[in-house]
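**Q** Questions regarding the structure given below will be posed in turn.
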There are 2 protein chains.
Amino acid sequence: MTAPANAPALSLDRFLPYRLSVLANTVSSALAGAYALRFDLTIPQWRVVAVLARTPGLAAADVVERTAMDKVAVSRAVAGLARTGRLRRATAAGDRRRSVLSLTERGWSVYRRIVPLALAYERRLLAELSPDEQAQFEALLSRLLERSRRLGPAGDARV
Amino acid sequence: MTAPANAPALSLDRFLPYRLSVLANTVSSALAGAYALRFDLTIPQWRVVAVLARTPGLAAADVVERTAMDKVAVSRAVAGLARTGRLRRATAAGDRRRSVLSLTERGWSVYRRIVPLALAYERRLLAELSPDEQAQFEALLSRLLERSRRLGPAGDARV
DNA sequence: CCGCATTAGTTGCAGTTGCAACTATAATCC
DNA sequence: GGATTATAGTTGCAACTGCAACTAATGCGG
């Protein structure tokens with residue numbers, strides 16, 4: 001079986017979704033390795049910590065909304081953090097379904113120690129680009145993020 | 001427990017690794033949904049098909065090298081494709097460890113039908129950007145990819 | 001040649017993830 | 001105000017993933 005002469009070509013390493021996936025995976029693994037090794041923290045847990053550090057007192061559903069994680073992932077990350085004493089879970093006054101999540105001192109301590117590592121890694125990565133290029137990349141990335149959210153599944157009827 | 005006044009700030013939605021991960025996931029899910037639904041194909045399988053369509057006759061190890069997938073993922077994707085008759089597996093003459101992989105007519109058929117969908121999705125995504133911006137984004141992305149490969153785990157001694 | 005290291009690929013197992021079903025609580029609407 | 005619907009969060013289960021151990025075949029040093 002050999003390539004049909006008229007097949008439209010798609011080279012994986014010029015295909016944007018593939019390239020994005022490779023970059024995101026490489027970067028995430030680099031960070032995940034460091035988190036796991038030093039702080040016994042998974043990426044979902046780290047995300048929850050980061051969100052709660054910026055906005056204490058959120059409910060799990062709020063975390064879902066701000067992180068593009070699904071609610072099961074949040075639930076388990078929260079459970080793990082609570083189990084290891086890095087997060088406190090209370091019940092919202094007036095709505096006993098909702099939780100009120102906040103970091104404990106141990107949670108804050110993890111956050112304070114990770115942030116410099118995370119930012120240092122980000123800087124090392126972005127050092128590849130000039131400040132102008134960094135700004136451009138971030139701006140373009142924002143627009144693609146926005147667009148990707150609006151776009152439905154590939155090949156949708158509404159193409 | 002409340003935020004220490006002096007904690008360095010890290011806002012998740014300005015953190016590049018996080019943003020990359022969200023974009024890559026959104027895009028991959030959009031594509032994966034379409035592949036699975038229409039062609040009963042996983043993303044790893046699709047990658048193997050795409051590579052073999054461009055370069056028939058590779059061994060599994062070659063596919064690993066070209067795709068940033070690990071060899072277990074490739075092995076299973078290949079097994080799945082072979083099981084469903086979309087890929088043929090032969091033994092290399094002169095080295096009976098190596099396989100020689102190629103698409104069957106059914107494999108080619110899947111490829112021919114997916115490529116337009118995949119490219120259409122990519123176009124819809126990139127339509128957000130002007131042609132100039134597209135070129136810039138791709139160029140910056142390439143450089144970040146390159147740099148991320150060189151960079152080790154975060155917080156390495158060799159910071 | 002013979003043993004030891006190396007490479008190709010597979011398989012087992014353990015941990016993770018994602019969906020759907022479930023429980024509990026709250027809101028809505030006759 | 002009681003039935004219905006909706007929301008918050010958890011749990012069970014099945015599929016996926018990733019690592020390490022394994023088999024099979026080859027290469028290499030002496």
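Ligands are numbered from 1 in the order shown, chains are lettered A, B, ... in the order of the structure tokens, and residues start at 1 in each chain.
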Only residues of chain B matter here; which ones have an atom within 6 Å of chain A, counting only C-alpha atoms? Give them as JSON, numbers by chain.
**A** {"B": [20, 21, 23, 24, 30, 31, 34, 117, 121, 145, 153, 154, 155]}
**Q** Per residue of chain D within 10 Å of chain A, note the shortest atom pair and the distance in Å to one decimal, counting only C-alpha atoms (C1' of nucleotides), and order the rows by chain and increasing residue number, as a Markdown table.
**A**
| residue | atom | partner | partner_atom | distance |
| --- | --- | --- | --- | --- |
| D:DT7 | C1' | A:Arg97 | CA | 8.4 |
| D:DA8 | C1' | A:Arg97 | CA | 5.1 |
| D:DG9 | C1' | A:Ser75 | CA | 7.1 |
| D:DT10 | C1' | A:Ser75 | CA | 7.5 |
| D:DT11 | C1' | A:Val72 | CA | 9.8 |
**Q** What residues in chain B get the DSSP label strand (DSSP E or B)? Please answer as a list of chain:residue names.
**A**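 The strand (DSSP E or B) residues within chain B come out as B:Leu87, B:Arg88, B:Arg89, B:Ala90, B:Thr91, B:Ala92, B:Asp95, B:Arg96, B:Arg97, B:Arg98, B:Ser99, B:Val100, B:Leu101, B:Ser102, B:Leu103.
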**Q** Would you kindly return, as a list of chain:residue names, each protein, DNA or RNA residue with an atom no farther than 12 Å from any atom of DA3 (chain D), considering only C-alpha atoms (C1' of nucleotides) and excluding same-chain residues fewer than 4 positions away?
**A** C:DT28, C:DC29, C:DC30
**Q** Restricting it to C-alpha atoms (C1' of nucleotides), dump the selection as a PDB file, in the first residue's frame.
**A**
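The new file part.pdb reads:
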ATOM      1  C1'  DT C  28     -39.075  26.760  41.653  1.00  0.00           C
ATOM      2  C1'  DC C  29     -43.617  26.489  40.357  1.00  0.00           C
ATOM      3  C1'  DC C  30     -48.064  25.277  40.330  1.00  0.00           C
TER       4       DC C  30
END
**Q** Residues of chain C within 9 Å of chain B, counting only C-alpha atoms (C1' of nucleotides), what are they? List them as a list in words.
**A** DT7, DA8, DG9 and DT10 of chain C
**Q** Tell me, counting only C-alpha atoms (C1' of nucleotides), for each residue of region 1-28 of chain C within 12 Å of region 17-21 of chain D, which pair of atoms is nearest and how far apart they are in Å to one decimal, in rows ordered by chain and increasing number, as a Markdown table.
**A**
| residue | atom | partner | partner_atom | distance |
| --- | --- | --- | --- | --- |
| C:DT10 | C1' | D:DA21 | C1' | 10.7 |
| C:DT11 | C1' | D:DA21 | C1' | 8.9 |
| C:DG12 | C1' | D:DA21 | C1' | 8.5 |
| C:DC13 | C1' | D:DA20 | C1' | 9.4 |
| C:DA14 | C1' | D:DC19 | C1' | 9.4 |
| C:DG15 | C1' | D:DT17 | C1' | 8.9 |
| C:DT16 | C1' | D:DT17 | C1' | 7.7 |
| C:DT17 | C1' | D:DT17 | C1' | 9.5 |
**Q** With C-alpha atoms (C1' of nucleotides) retained, export the selected residues as a short mmCIF file (atom, residue, chain, number, x, y, z; two decimals), in the first residue's frame.
**A**
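After the write, part15.cif holds the following:
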data_model
loop_
_atom_site.label_atom_id
_atom_site.label_comp_id
_atom_site.auth_asym_id
_atom_site.auth_seq_id
_atom_site.Cartn_x
_atom_site.Cartn_y
_atom_site.Cartn_z
"C1'" DT C 10 5.08 -6.24 24.69
"C1'" DT C 11 2.82 -7.03 28.98
"C1'" DG C 12 1.49 -6.49 33.99
"C1'" DC C 13 0.36 -3.59 37.39
"C1'" DA C 14 -0.67 0.44 39.80
"C1'" DG C 15 -2.16 4.94 39.70
"C1'" DT C 16 -4.99 8.48 37.27
"C1'" DT C 17 -8.90 10.23 34.70
#
